[in-house]
file target-v8.txt (compact mmCIF, C-alpha atoms and all ligand atoms)
# COMPACT_ATOMS: atom_id res chain seq x y z
CA MET D 1 81.74 -159.47 40.39
CA ILE D 2 81.75 -157.59 37.09
CA PRO D 3 83.79 -154.37 37.32
CA PHE D 4 82.91 -151.36 35.21
CA ASP D 5 86.39 -151.26 33.64
CA LYS D 6 89.50 -153.39 33.94
CA LYS D 7 92.98 -153.15 32.48
CA THR D 8 95.40 -156.04 32.20
CA ALA D 9 99.04 -155.99 31.09
CA ASP D 10 99.58 -158.22 28.04
CA GLU D 11 102.85 -159.83 26.90
CA LYS D 12 103.48 -157.38 24.07
CA SER D 13 103.08 -154.33 26.31
CA LEU D 14 105.50 -155.78 28.86
CA ALA D 15 108.04 -156.65 26.15
CA TYR D 16 107.90 -153.18 24.55
CA ILE D 17 108.20 -151.39 27.91
CA LYS D 18 111.20 -153.56 28.75
CA GLU D 19 112.76 -152.73 25.39
CA ALA D 20 112.22 -149.00 25.96
CA LEU D 21 113.73 -149.21 29.44
CA GLU D 22 116.74 -151.20 28.25
CA SER D 23 117.41 -148.81 25.35
CA GLY D 24 118.03 -146.05 27.88
CA ALA D 25 116.12 -143.60 25.64
CA TRP D 26 113.37 -142.62 28.07
CA SER D 27 112.68 -139.05 26.98
CA GLY D 28 110.08 -137.91 24.47
CA ASP D 29 110.24 -138.42 20.70
CA GLY D 30 112.26 -141.64 20.98
CA PRO D 31 111.94 -144.71 18.70
CA PHE D 32 108.55 -145.86 20.09
CA THR D 33 107.05 -142.38 19.73
CA LYS D 34 108.21 -142.33 16.10
CA LYS D 35 106.50 -145.69 15.49
CA CYS D 36 103.24 -144.47 17.06
CA VAL D 37 103.35 -141.35 14.90
CA LYS D 38 103.98 -143.43 11.77
CA TRP D 39 101.06 -145.71 12.67
CA PHE D 40 98.68 -142.78 13.11
CA SER D 41 99.94 -141.03 9.97
CA GLU D 42 99.07 -144.13 7.95
CA GLN D 43 95.71 -144.71 9.61
CA LEU D 44 94.64 -141.08 9.40
CA GLY D 45 96.19 -140.23 6.03
CA THR D 46 98.11 -137.19 7.28
CA PRO D 47 101.68 -136.71 8.51
CA ASN D 48 100.56 -133.79 10.71
CA VAL D 49 100.20 -135.65 14.01
CA LEU D 50 102.04 -135.32 17.33
CA LEU D 51 101.95 -137.48 20.43
CA THR D 52 101.09 -135.43 23.53
CA THR D 53 100.90 -135.99 27.27
CA SER D 54 97.06 -136.01 27.19
CA CYS D 55 94.04 -135.07 25.14
CA THR D 56 93.67 -132.08 27.45
CA HIS D 57 97.15 -130.94 26.38
CA ALA D 58 96.41 -131.67 22.72
CA LEU D 59 93.42 -129.32 23.01
CA GLU D 60 95.55 -126.78 24.90
CA LEU D 61 97.95 -126.81 21.95
CA THR D 62 95.07 -126.03 19.58
CA GLY D 63 94.14 -123.07 21.80
CA HIS D 64 97.61 -121.61 21.15
CA LEU D 65 97.51 -122.44 17.42
CA ALA D 66 94.05 -120.97 16.89
CA ASP D 67 95.22 -117.94 18.89
CA ILE D 68 92.24 -117.98 21.26
CA LYS D 69 92.25 -114.76 23.30
CA GLU D 70 90.62 -113.14 26.32
CA GLY D 71 86.94 -112.54 25.63
CA ASP D 72 86.71 -114.88 22.63
CA GLU D 73 83.85 -117.35 22.65
CA VAL D 74 84.03 -121.07 21.93
CA ILE D 75 80.92 -123.19 21.36
CA LEU D 76 80.76 -126.67 22.89
CA PRO D 77 78.19 -129.11 24.27
CA SER D 78 77.46 -128.78 27.98
CA TYR D 79 77.30 -132.55 28.08
CA THR D 80 81.04 -133.31 28.00
CA PHE D 81 84.15 -133.75 30.11
CA VAL D 82 85.75 -130.60 31.58
CA SER D 83 88.74 -130.95 29.24
CA THR D 84 86.72 -129.73 26.27
CA ALA D 85 86.35 -126.36 28.01
CA ASN D 86 89.41 -125.92 30.24
CA PRO D 87 92.10 -125.35 27.57
CA TYR D 88 90.21 -122.34 26.19
CA VAL D 89 89.16 -120.99 29.59
CA LEU D 90 92.90 -120.99 30.44
CA LYS D 91 93.34 -118.58 27.52
CA GLY D 92 90.54 -116.32 28.80
CA ALA D 93 87.80 -117.53 26.46
CA VAL D 94 84.13 -117.81 27.40
CA PRO D 95 82.66 -121.30 26.95
CA VAL D 96 79.24 -121.06 25.33
CA PHE D 97 77.37 -124.29 25.97
CA VAL D 98 74.76 -125.67 23.60
CA ASP D 99 72.13 -128.39 23.81
CA VAL D 100 72.57 -131.92 22.46
CA ASP D 101 70.62 -134.12 20.11
CA PRO D 102 69.09 -136.54 22.64
CA ARG D 103 69.56 -139.54 20.32
CA THR D 104 73.37 -139.23 20.19
CA MET D 105 74.17 -136.78 23.03
CA ASN D 106 76.24 -134.87 20.44
CA MET D 107 75.97 -131.11 19.86
CA ASP D 108 72.96 -130.05 17.77
CA PRO D 109 74.15 -128.05 14.71
CA LEU D 110 71.01 -125.86 14.83
CA CYS D 111 71.80 -124.85 18.42
CA VAL D 112 75.38 -124.11 17.37
CA GLU D 113 74.17 -121.77 14.64
CA GLU D 114 71.99 -119.87 17.11
CA ALA D 115 74.89 -119.54 19.57
CA ILE D 116 77.26 -117.76 17.16
CA THR D 117 78.03 -114.10 17.96
CA GLU D 118 80.65 -111.70 16.61
CA ARG D 119 82.97 -112.90 19.41
CA THR D 120 82.77 -116.59 18.46
CA ARG D 121 86.10 -118.05 17.36
CA ALA D 122 85.72 -121.83 17.41
CA ILE D 123 83.26 -124.74 17.40
CA LEU D 124 84.20 -127.78 19.50
CA PRO D 125 82.38 -130.95 18.44
CA VAL D 126 82.71 -133.86 20.91
CA HIS D 127 82.16 -137.32 19.40
CA TYR D 128 80.41 -138.93 22.36
CA GLY D 129 81.15 -142.63 22.73
CA GLY D 130 82.97 -142.62 19.38
CA ILE D 131 79.69 -141.92 17.55
CA SER D 132 80.40 -138.96 15.32
CA CYS D 133 78.78 -135.56 15.30
CA ASP D 134 77.11 -134.50 12.06
CA MET D 135 80.24 -132.78 10.74
CA ASP D 136 79.08 -131.50 7.31
CA PRO D 137 76.63 -128.89 8.64
CA LEU D 138 79.08 -127.91 11.42
CA CYS D 139 81.98 -127.42 8.98
CA ALA D 140 79.77 -125.51 6.51
CA LEU D 141 78.67 -123.21 9.32
CA ALA D 142 82.27 -122.69 10.45
CA GLU D 143 83.41 -121.88 6.94
CA LYS D 144 80.58 -119.42 6.36
CA ARG D 145 81.30 -117.60 9.64
CA GLY D 146 85.12 -117.89 9.56
CA LEU D 147 85.40 -120.10 12.67
CA ALA D 148 87.87 -122.84 13.57
CA VAL D 149 86.58 -126.39 14.06
CA ILE D 150 88.40 -128.24 16.87
CA GLU D 151 87.34 -131.88 17.29
CA ASP D 152 87.41 -133.43 20.75
CA ALA D 153 87.80 -136.99 19.45
CA ALA D 154 89.09 -138.24 22.84
CA GLN D 155 86.67 -141.17 22.52
CA GLY D 156 86.78 -141.37 18.72
CA VAL D 157 90.04 -143.17 17.88
CA GLN D 158 89.54 -145.39 14.80
CA ALA D 159 85.94 -144.21 14.36
CA TYR D 160 84.60 -142.53 11.22
CA TYR D 161 82.22 -139.88 9.91
CA LYS D 162 81.20 -141.12 6.46
CA ASP D 163 84.61 -142.35 5.22
CA ARG D 164 86.69 -139.83 7.18
CA PRO D 165 88.52 -140.66 10.41
CA LEU D 166 87.33 -138.61 13.39
CA GLY D 167 89.90 -136.02 14.36
CA THR D 168 90.88 -135.28 10.74
CA ILE D 169 87.73 -133.44 9.66
CA GLY D 170 88.09 -130.11 11.45
CA ASP D 171 91.06 -127.71 11.46
CA TYR D 172 92.36 -129.51 14.53
CA GLY D 173 91.65 -132.85 16.18
CA SER D 174 92.58 -134.59 19.43
CA PHE D 175 92.68 -138.13 20.82
CA SER D 176 93.03 -139.48 24.36
CA PHE D 177 95.00 -142.51 25.52
CA HIS D 178 93.92 -142.17 29.13
CA GLY D 179 93.45 -145.44 31.03
CA THR D 180 89.70 -145.39 30.39
CA LYS D 181 89.97 -145.15 26.61
CA ASN D 182 90.07 -147.87 23.90
CA TYR D 183 93.83 -147.64 23.33
CA SER D 184 95.63 -146.42 26.38
CA CYS D 185 99.04 -145.80 27.88
CA GLY D 186 97.72 -144.52 31.20
CA GLU D 187 98.00 -140.87 30.24
CA GLY D 188 98.57 -139.65 26.70
CA GLY D 189 97.07 -137.98 23.67
CA LEU D 190 97.46 -137.02 20.03
CA VAL D 191 96.98 -133.73 18.23
CA ILE D 192 96.13 -133.57 14.53
CA VAL D 193 96.66 -130.31 12.66
CA LYS D 194 95.25 -129.82 9.16
CA ASP D 195 97.47 -126.96 7.96
CA ARG D 196 101.18 -127.74 7.46
CA GLN D 197 102.46 -124.34 8.62
CA GLN D 198 100.31 -124.52 11.74
CA PHE D 199 101.62 -128.03 12.32
CA GLU D 200 105.22 -126.76 12.28
CA ARG D 201 104.23 -124.21 14.89
CA ALA D 202 102.64 -127.02 16.93
CA GLU D 203 105.99 -128.84 16.94
CA ILE D 204 107.64 -125.75 18.40
CA ILE D 205 105.01 -125.06 21.08
CA ARG D 206 105.13 -128.73 22.14
CA GLU D 207 108.94 -128.56 22.52
CA LYS D 208 109.14 -125.64 25.02
CA GLY D 209 108.94 -123.03 22.26
CA THR D 210 112.15 -124.25 20.61
CA ASN D 211 112.86 -125.42 17.07
CA ARG D 212 114.44 -128.64 18.36
CA SER D 213 112.34 -130.82 16.00
CA ARG D 214 113.78 -129.07 12.94
CA PHE D 215 117.27 -129.42 14.45
CA LEU D 216 116.78 -133.19 14.96
CA ARG D 217 115.66 -133.51 11.33
CA GLY D 218 118.94 -131.83 10.29
CA MET D 219 117.18 -128.77 8.89
CA ILE D 220 119.12 -126.29 11.06
CA ASP D 221 122.54 -126.30 12.80
CA LYS D 222 121.46 -125.42 16.31
CA TYR D 223 118.18 -125.00 18.09
CA THR D 224 116.91 -122.07 20.07
CA TRP D 225 113.89 -120.39 21.64
CA VAL D 226 111.64 -119.12 18.84
CA ASP D 227 108.05 -118.97 20.16
CA ARG D 228 105.94 -119.36 23.30
CA GLY D 229 105.69 -122.98 24.34
CA SER D 230 105.21 -125.70 26.88
CA SER D 231 106.20 -129.35 27.29
CA TYR D 232 103.67 -131.73 25.82
CA LEU D 233 105.93 -134.73 25.05
CA PRO D 234 105.19 -138.07 26.68
CA SER D 235 108.07 -140.31 27.74
CA ASP D 236 109.03 -142.99 25.20
CA ILE D 237 108.20 -145.61 27.87
CA LEU D 238 104.54 -144.60 27.58
CA ALA D 239 104.79 -144.62 23.79
CA ALA D 240 106.04 -148.22 24.01
CA LEU D 241 102.90 -149.17 25.93
CA LEU D 242 100.73 -147.32 23.43
CA LEU D 243 102.38 -148.95 20.41
CA ALA D 244 101.71 -152.40 21.85
CA GLN D 245 98.01 -151.55 21.97
CA LEU D 246 97.94 -149.98 18.52
CA GLU D 247 99.48 -153.08 17.00
CA GLN D 248 96.61 -155.10 18.51
CA TRP D 249 93.96 -152.58 17.49
CA GLU D 250 91.87 -154.94 15.38
CA ASP D 251 91.53 -157.41 18.24
CA ILE D 252 90.69 -154.65 20.74
CA MET D 253 88.15 -153.09 18.38
CA GLU D 254 86.51 -156.43 17.54
CA LYS D 255 86.13 -157.39 21.21
CA ARG D 256 84.66 -154.01 22.12
CA LEU D 257 82.23 -154.08 19.19
CA ASN D 258 81.15 -157.62 20.10
CA ILE D 259 80.36 -156.53 23.65
CA TRP D 260 78.58 -153.40 22.37
CA ASN D 261 76.52 -155.41 19.89
CA GLY D 262 75.91 -158.09 22.52
CA TYR D 263 74.24 -155.53 24.79
CA HIS D 264 72.40 -153.95 21.88
CA VAL D 265 70.76 -157.21 20.77
CA ARG D 266 69.95 -158.39 24.29
CA LEU D 267 68.35 -155.08 25.29
CA GLU D 268 66.31 -154.57 22.13
CA ASP D 269 63.07 -155.94 23.56
CA LEU D 270 63.24 -153.66 26.60
CA GLU D 271 63.47 -150.69 24.27
CA LYS D 272 60.57 -151.96 22.16
CA GLN D 273 58.51 -152.26 25.34
CA GLY D 274 59.32 -148.62 26.04
CA ARG D 275 61.17 -149.39 29.28
CA ILE D 276 64.63 -148.10 28.30
CA GLU D 277 66.38 -146.40 25.40
CA ARG D 278 69.52 -147.68 23.70
CA PRO D 279 72.24 -145.72 21.86
CA PHE D 280 71.44 -144.54 18.34
CA VAL D 281 74.03 -144.74 15.57
CA PRO D 282 73.29 -142.39 12.64
CA GLY D 283 73.93 -143.69 9.11
CA TYR D 284 76.96 -141.41 8.71
CA SER D 285 78.75 -142.85 11.76
CA ARG D 286 80.99 -145.89 12.07
CA HIS D 287 81.75 -146.14 15.78
CA ASN D 288 84.46 -147.93 17.78
CA GLY D 289 82.53 -149.51 20.66
CA HIS D 290 83.95 -147.02 23.15
CA LEU D 291 81.04 -147.13 25.59
CA TYR D 292 77.56 -148.58 25.98
CA PHE D 293 74.73 -146.88 27.82
CA ILE D 294 71.04 -147.21 28.42
CA LYS D 295 68.58 -144.49 29.39
CA THR D 296 66.16 -145.10 32.23
CA ALA D 297 62.85 -143.28 32.76
CA ASP D 298 64.35 -140.72 35.12
CA ILE D 299 67.03 -140.09 37.75
CA GLU D 300 65.14 -141.98 40.52
CA GLU D 301 64.78 -145.10 38.40
CA ARG D 302 68.47 -144.85 37.52
CA SER D 303 69.48 -144.77 41.21
CA THR D 304 67.31 -147.79 41.98
CA LEU D 305 68.77 -149.68 39.01
CA ILE D 306 72.36 -148.85 40.03
CA ASP D 307 71.69 -150.26 43.51
CA PHE D 308 69.93 -153.31 42.10
CA LEU D 309 72.88 -154.08 39.81
CA LYS D 310 75.38 -153.41 42.61
CA GLY D 311 73.51 -156.04 44.62
CA ARG D 312 74.24 -158.45 41.78
CA GLY D 313 77.94 -157.54 41.78
CA ILE D 314 77.66 -155.40 38.64
CA ALA D 315 79.30 -151.97 38.64
CA THR D 316 77.76 -149.23 36.50
CA VAL D 317 78.54 -145.50 36.30
CA PHE D 318 77.05 -142.30 34.96
CA HIS D 319 78.51 -139.01 33.71
CA TYR D 320 78.63 -136.00 33.09
CA ILE D 321 77.28 -133.29 35.38
CA PRO D 322 76.44 -130.77 32.60
CA LEU D 323 79.22 -128.17 32.56
CA HIS D 324 76.82 -125.22 32.55
CA SER D 325 75.40 -126.34 35.91
CA SER D 326 78.82 -127.00 37.50
CA GLU D 327 80.30 -124.47 39.90
CA PHE D 328 83.08 -123.32 37.56
CA GLY D 329 81.00 -123.58 34.40
CA ARG D 330 78.44 -121.17 35.86
CA LYS D 331 81.21 -118.74 36.75
CA THR D 332 83.03 -118.78 33.39
CA GLY D 333 80.45 -119.65 30.74
CA ARG D 334 76.84 -119.49 29.68
CA PHE D 335 74.25 -121.73 28.10
CA SER D 336 72.92 -120.56 24.75
CA GLY D 337 69.22 -121.13 24.10
CA GLU D 338 67.08 -123.60 26.01
CA ASP D 339 68.39 -126.61 27.97
CA LYS D 340 65.78 -128.91 26.47
CA TYR D 341 67.73 -132.16 26.65
CA THR D 342 71.17 -131.79 28.29
CA THR D 343 70.13 -131.94 31.96
CA LYS D 344 67.15 -134.25 31.51
CA GLU D 345 68.97 -136.79 29.34
CA SER D 346 72.19 -136.75 31.38
CA GLU D 347 70.13 -137.75 34.43
CA ARG D 348 68.75 -140.82 32.64
CA LEU D 349 71.99 -142.13 31.17
CA LEU D 350 73.71 -145.15 32.71
CA ARG D 351 76.94 -146.71 31.39
CA LEU D 352 77.32 -150.48 31.47
CA PRO D 353 80.61 -152.40 31.96
CA LEU D 354 82.64 -152.56 28.73
CA TRP D 355 86.27 -153.64 28.63
CA HIS D 356 88.53 -155.72 26.47
CA GLY D 357 88.59 -158.85 28.63
CA MET D 358 84.84 -159.07 29.22
CA THR D 359 83.28 -162.39 28.27
CA GLU D 360 80.03 -163.05 26.44
CA GLU D 361 78.77 -164.63 29.65
CA MET D 362 79.33 -161.40 31.59
CA VAL D 363 77.43 -159.42 28.94
CA ASP D 364 74.62 -161.93 29.33
CA THR D 365 74.66 -161.56 33.12
CA VAL D 366 74.44 -157.76 32.93
CA ALA D 367 71.67 -157.77 30.30
CA SER D 368 69.67 -160.43 32.17
CA ALA D 369 69.93 -158.50 35.44
CA ILE D 370 68.58 -155.38 33.70
CA GLY D 371 65.78 -157.48 32.23
CA GLU D 372 64.95 -158.81 35.66
CA PHE D 373 64.88 -155.31 37.14
CA TYR D 374 62.25 -154.24 34.62
CA SER D 375 60.10 -157.39 34.85
C1 LIG B 401 88.88 -138.57 28.24
C2 LIG B 401 88.36 -137.31 27.65
C3 LIG B 401 89.12 -136.13 27.62
C4 LIG B 401 90.43 -135.97 28.35
O1 LIG B 401 91.42 -136.83 27.94
P1 LIG B 401 92.83 -136.82 28.74
O2 LIG B 401 93.72 -137.61 27.83
O3 LIG B 401 92.57 -137.50 30.04
O4 LIG B 401 93.27 -135.42 28.88
C5 LIG B 401 88.61 -135.03 26.96
N1 LIG B 401 87.41 -135.06 26.38
C6 LIG B 401 86.63 -136.16 26.41
C7 LIG B 401 85.31 -136.13 25.72
C8 LIG B 401 87.07 -137.31 27.06
O5 LIG B 401 86.28 -138.39 27.09
call {"tool": "encode", "arguments": {"input": "target-v8.txt", "output": "structure tokens", "more": "lines below"}}
Ligand SMILES: *Cc1c(COP(=O)(O)O)cnc(C)c1O
result
Amino acid sequence: MIPFDKKTADEKSLAYIKEALESGAWSGDGPFTKKCVKWFSEQLGTPNVLLTTSCTHALELTGHLADIKEGDEVILPSYTFVSTANPYVLKGAVPVFVDVDPRTMNMDPLCVEEAITERTRAILPVHYGGISCDMDPLCALAEKRGLAVIEDAAQGVQAYYKDRPLGTIGDYGSFSFHGTKNYSCGEGGLVIVKDRQQFERAEIIREKGTNRSRFLRGMIDKYTWVDRGSSYLPSDILAALLLAQLEQWEDIMEKRLNIWNGYHVRLEDLEKQGRIERPFVPGYSRHNGHLYFIKTADIEERSTLIDFLKGRGIATVFHYIPLHSSEFGRKTGRFSGEDKYTTKESERLLRLPLWHGMTEEMVDTVASAIGEFYS
């Protein structure tokens, strides 16, 4: 049996969790959180990062910072997870969905331009599978029209656009450490804020609207309620688990890329024969091996292939139901322009197993089974 995803506890994770438990400092912003923050600051080249309870909450924080209000519009791909939309819908905004570039499944900058109205406040690029959106045209557009750029880089940790880390290119960025992601602590996230003043406000909102962070840094004598806020701090026990993964990031990345490349090479002939399509990596993107997919001819062929692979003990999955066709998406948002690719392409896409402990042999088994299906 080859599962779609599998997590295993390694020695380092167990040791760090034990250390966190024994220290008795279980709340947020403890020693392990500080180490995670230091690690990301160095990797990303900015001190303006905060650990959060999820990527969803990191995005929620940006909704407060960007002051998204009732009736504002935010532009996002329809082909994404609900968490790209929810944080802004919570603030009363209207999600305006745009079509994707079928080669990357990332938002098409031309569709974004056509979707802008006088109510538009933000553009939300999602870096699908850690393969970056084309950020230069999106940022130029945002600057020209006075819009915020908020990156959903949930899948883009340690991936790059040109030489810039994903999450650091827009005004705000977000990562996810959910169990399904490359580096995970079960549930967790990171928010990246470009502007220093905005970042200081992010610290306050994250800490229940208090200036406790400034107090802990010795900048003020006592802390108090100064702004609206919530509680977006993960426990230091989770940060311990995350740090263990971050310190092994090169190994995790290498294994994932090997699996990704293993599929890519083995499935090349099927693409050349016109039977399937493989992911496309634009020249400006350096990805992180987050996920591997193939595209079948249509939804019927995909269903038959899923069953065929299941019969061989291989688990595969697909996602997403386009948000504009979901029950709540229809109620709260609208699709701008023509749905040329989103629905059609999402129905053809099938994700293959990809996890840290997968062996070369398993990759071979999956690729051979797909080859057999098409012969
Ligand atoms: C996983 C994911 C999220 C949500 O992350 P959480 O940490 O679970 O909140 C948001 N957007 C995308 C594109 C994701 O893949």
call {"tool": "residues_near_ligand", "arguments": {"input": "target-v8.txt", "ligand": "ligand LIG 401 (chain B)", "cutoff": "6 Å", "atoms": "all atoms listed in the file", "output": "short mmCIF file (atom, residue, chain, number, x, y, z; two decimals) with C-alpha atoms, in the frame of the given file"}}
result
data_model
loop_
_atom_site.label_atom_id
_atom_site.label_comp_id
_atom_site.auth_asym_id
_atom_site.auth_seq_id
_atom_site.Cartn_x
_atom_site.Cartn_y
_atom_site.Cartn_z
CA SER D 54 97.06 -136.01 27.19
CA CYS D 55 94.04 -135.07 25.14
CA THR D 56 93.67 -132.08 27.45
CA THR D 80 81.04 -133.31 28.00
CA PHE D 81 84.15 -133.75 30.11
CA SER D 83 88.74 -130.95 29.24
CA THR D 84 86.72 -129.73 26.27
CA VAL D 126 82.71 -133.86 20.91
CA ASP D 152 87.41 -133.43 20.75
CA ALA D 154 89.09 -138.24 22.84
CA GLN D 155 86.67 -141.17 22.52
CA SER D 176 93.03 -139.48 24.36
CA PHE D 177 95.00 -142.51 25.52
CA HIS D 178 93.92 -142.17 29.13
CA GLU D 187 98.00 -140.87 30.24
CA GLY D 188 98.57 -139.65 26.70
CA GLY D 189 97.07 -137.98 23.67
#
call {"tool": "closest_atom_pairs", "arguments": {"input": "target-v8.txt", "of": "range 109-218 of chain D", "to": "range 96-102 of chain D", "cutoff": "10 Å", "atoms": "all atoms listed in the file", "output": "CSV"}}
result
residue,atom,partner,partner_atom,distance
D:Pro109,CA,D:Val100,CA,8.8
D:Leu110,CA,D:Asp99,CA,9.4
D:Cys111,CA,D:Val98,CA,6.0
D:Val112,CA,D:Val98,CA,6.5
D:Glu113,CA,D:Val98,CA,9.8
D:Glu114,CA,D:Val98,CA,9.1
D:Ala115,CA,D:Val98,CA,7.3
D:Ile116,CA,D:Val96,CA,9.0
D:Thr120,CA,D:Val96,CA,8.9
D:Ile123,CA,D:Val96,CA,9.6
D:Cys133,CA,D:Asp101,CA,9.6
call {"tool": "closest_atom_pairs", "arguments": {"input": "target-v8.txt", "of": "range 198-306 of chain D", "to": "range 356-364 of chain D", "cutoff": "12 Å", "atoms": "only C-alpha atoms", "output": "Markdown table"}}
result
| residue | atom | partner | partner_atom | distance |
| --- | --- | --- | --- | --- |
| D:Gln245 | CA | D:His356 | CA | 11.3 |
| D:Gln248 | CA | D:His356 | CA | 11.4 |
| D:Trp249 | CA | D:His356 | CA | 11.0 |
| D:Glu250 | CA | D:His356 | CA | 11.6 |
| D:Asp251 | CA | D:His356 | CA | 8.9 |
| D:Ile252 | CA | D:His356 | CA | 6.2 |
| D:Met253 | CA | D:His356 | CA | 8.5 |
| D:Glu254 | CA | D:His356 | CA | 9.2 |
| D:Lys255 | CA | D:His356 | CA | 6.0 |
| D:Arg256 | CA | D:His356 | CA | 6.1 |
| D:Leu257 | CA | D:His356 | CA | 9.8 |
| D:Asn258 | CA | D:Glu360 | CA | 8.4 |
| D:Ile259 | CA | D:Val363 | CA | 6.7 |
| D:Trp260 | CA | D:Val363 | CA | 9.0 |
| D:Asn261 | CA | D:Val363 | CA | 9.9 |
| D:Gly262 | CA | D:Val363 | CA | 6.7 |
| D:Tyr263 | CA | D:Val363 | CA | 6.5 |
| D:His264 | CA | D:Val363 | CA | 10.3 |
| D:Val265 | CA | D:Asp364 | CA | 10.5 |
| D:Arg266 | CA | D:Asp364 | CA | 7.7 |
| D:Leu267 | CA | D:Asp364 | CA | 10.1 |
| D:Gly289 | CA | D:His356 | CA | 10.4 |
| D:His290 | CA | D:His356 | CA | 10.4 |
| D:Leu291 | CA | D:His356 | CA | 11.4 |
| D:Tyr292 | CA | D:Val363 | CA | 11.2 |
call {"tool": "atom_distance", "arguments": {"input": "target-v8.txt", "atom1": "CA of Val366 in chain D", "atom2": "CA of Val157 in chain D"}}
result
26.1 Å
call {"tool": "residues_around", "arguments": {"input": "target-v8.txt", "residues": "range 218-227 of chain D", "least_positions_apart": "5", "cutoff": "12 Å", "atoms": "only C-alpha atoms", "output": "PyMOL selection string"}}
result
chain D and resi 64-65+200-213
call {"tool": "closest_residue", "arguments": {"input": "target-v8.txt", "among": "D:Glu118, D:Ser325, D:Ala315, D:Val37", "to": "Arg145 in chain D", "atoms": "all atoms listed in the file"}}
result
D:Glu118
call {"tool": "residues_near_point", "arguments": {"input": "target-v8.txt", "point": "(101.1, -131.6, 22.2)", "cutoff": "6 Å", "atoms": "only C-alpha atoms", "output": "ChimeraX atom specification"}}
result
/D:52,57-58,61,206,232
call {"tool": "residues_near_point", "arguments": {"input": "target-v8.txt", "point": "(113.9, -150.5, 27.9)", "cutoff": "12 Å", "atoms": "all atoms listed in the file", "output": "VMD selection string"}}
result
chain D and resid 13 to 27 30 to 32 235 to 241
call {"tool": "atom_distance", "arguments": {"input": "target-v8.txt", "atom1": "CA of Lys181 in chain D", "atom2": "CA of Asp136 in chain D"}}
result
26.0 Å
call {"tool": "closest_residue", "arguments": {"input": "target-v8.txt", "among": "D:Leu323, D:Cys36, D:Met107, D:Leu59", "to": "Gly167 in chain D", "atoms": "all atoms listed in the file"}}
result
D:Leu59
call {"tool": "atom_distance", "arguments": {"input": "target-v8.txt", "atom1": "CA of Arg351 in chain D", "atom2": "CA of Phe293 in chain D"}}
result
4.2 Å
call {"tool": "closest_atom_pairs", "arguments": {"input": "target-v8.txt", "of": "range 130-223 of chain D", "to": "range 71-75 of chain D", "cutoff": "10 Å", "atoms": "all atoms listed in the file", "output": "tab-separated table"}}
result
residue	atom	partner	partner_atom	distance
D:Leu147	CA	D:Val74	CA	9.4
D:Ala148	CA	D:Val74	CA	9.4
D:Val149	CA	D:Ile75	CA	9.8
D:Ile150	CA	D:Val74	CA	9.8
call {"tool": "residues_around", "arguments": {"input": "target-v8.txt", "residues": "Glu268 in chain D", "least_positions_apart": "6", "cutoff": "12 Å", "atoms": "all atoms listed in the file", "output": "PyMOL selection string"}}
result
chain D and resi 261-262+274-280+294+367+370-371
call {"tool": "write_last_selection", "arguments": {"input": "target-v8.txt", "atoms": "C-alpha atoms", "output": "CSV table (one decimal), keeping the file's coordinate frame"}}
result
chain,number,residue,atom,x,y,z
D,261,ASN,CA,76.5,-155.4,19.9
D,262,GLY,CA,75.9,-158.1,22.5
D,274,GLY,CA,59.3,-148.6,26.0
D,275,ARG,CA,61.2,-149.4,29.3
D,276,ILE,CA,64.6,-148.1,28.3
D,277,GLU,CA,66.4,-146.4,25.4
D,278,ARG,CA,69.5,-147.7,23.7
D,279,PRO,CA,72.2,-145.7,21.9
D,280,PHE,CA,71.4,-144.5,18.3
D,294,ILE,CA,71.0,-147.2,28.4
D,367,ALA,CA,71.7,-157.8,30.3
D,370,ILE,CA,68.6,-155.4,33.7
D,371,GLY,CA,65.8,-157.5,32.2
call {"tool": "closest_residue", "arguments": {"input": "target-v8.txt", "among": "D:Lys34, D:Arg334, D:Arg119, D:His127", "to": "Met105 in chain D", "atoms": "all atoms listed in the file"}}
result
D:His127
call {"tool": "closest_residue", "arguments": {"input": "target-v8.txt", "among": "D:Leu216, D:Val191, D:Ala9, D:Val82", "to": "Tyr320 in chain D", "atoms": "all atoms listed in the file"}}
result
D:Val82
call {"tool": "build_atoms", "arguments": {"input": "target-v8.txt", "residues": "range 327-333 of chain D", "atoms": "N, CA and C atoms", "output": "tab-separated table (two decimals), in the coordinates of the input"}}
result
chain	number	residue	atom	x	y	z
D	327	GLU	N	79.91	-125.70	39.22
D	327	GLU	CA	80.30	-124.47	39.90
D	327	GLU	C	81.15	-123.56	39.00
D	328	PHE	N	82.17	-124.15	38.35
D	328	PHE	CA	83.08	-123.32	37.56
D	328	PHE	C	82.49	-122.96	36.20
D	329	GLY	N	81.66	-123.86	35.68
D	329	GLY	CA	81.00	-123.58	34.40
D	329	GLY	C	80.06	-122.39	34.51
D	330	ARG	N	79.36	-122.30	35.64
D	330	ARG	CA	78.44	-121.17	35.86
D	330	ARG	C	79.20	-119.86	35.95
D	331	LYS	N	80.41	-119.94	36.54
D	331	LYS	CA	81.21	-118.74	36.75
D	331	LYS	C	81.83	-118.23	35.44
D	332	THR	N	82.24	-119.17	34.57
D	332	THR	CA	83.03	-118.78	33.39
D	332	THR	C	82.23	-118.75	32.10
D	333	GLY	N	81.12	-119.51	32.03
D	333	GLY	CA	80.45	-119.65	30.74
D	333	GLY	C	78.98	-119.35	30.80
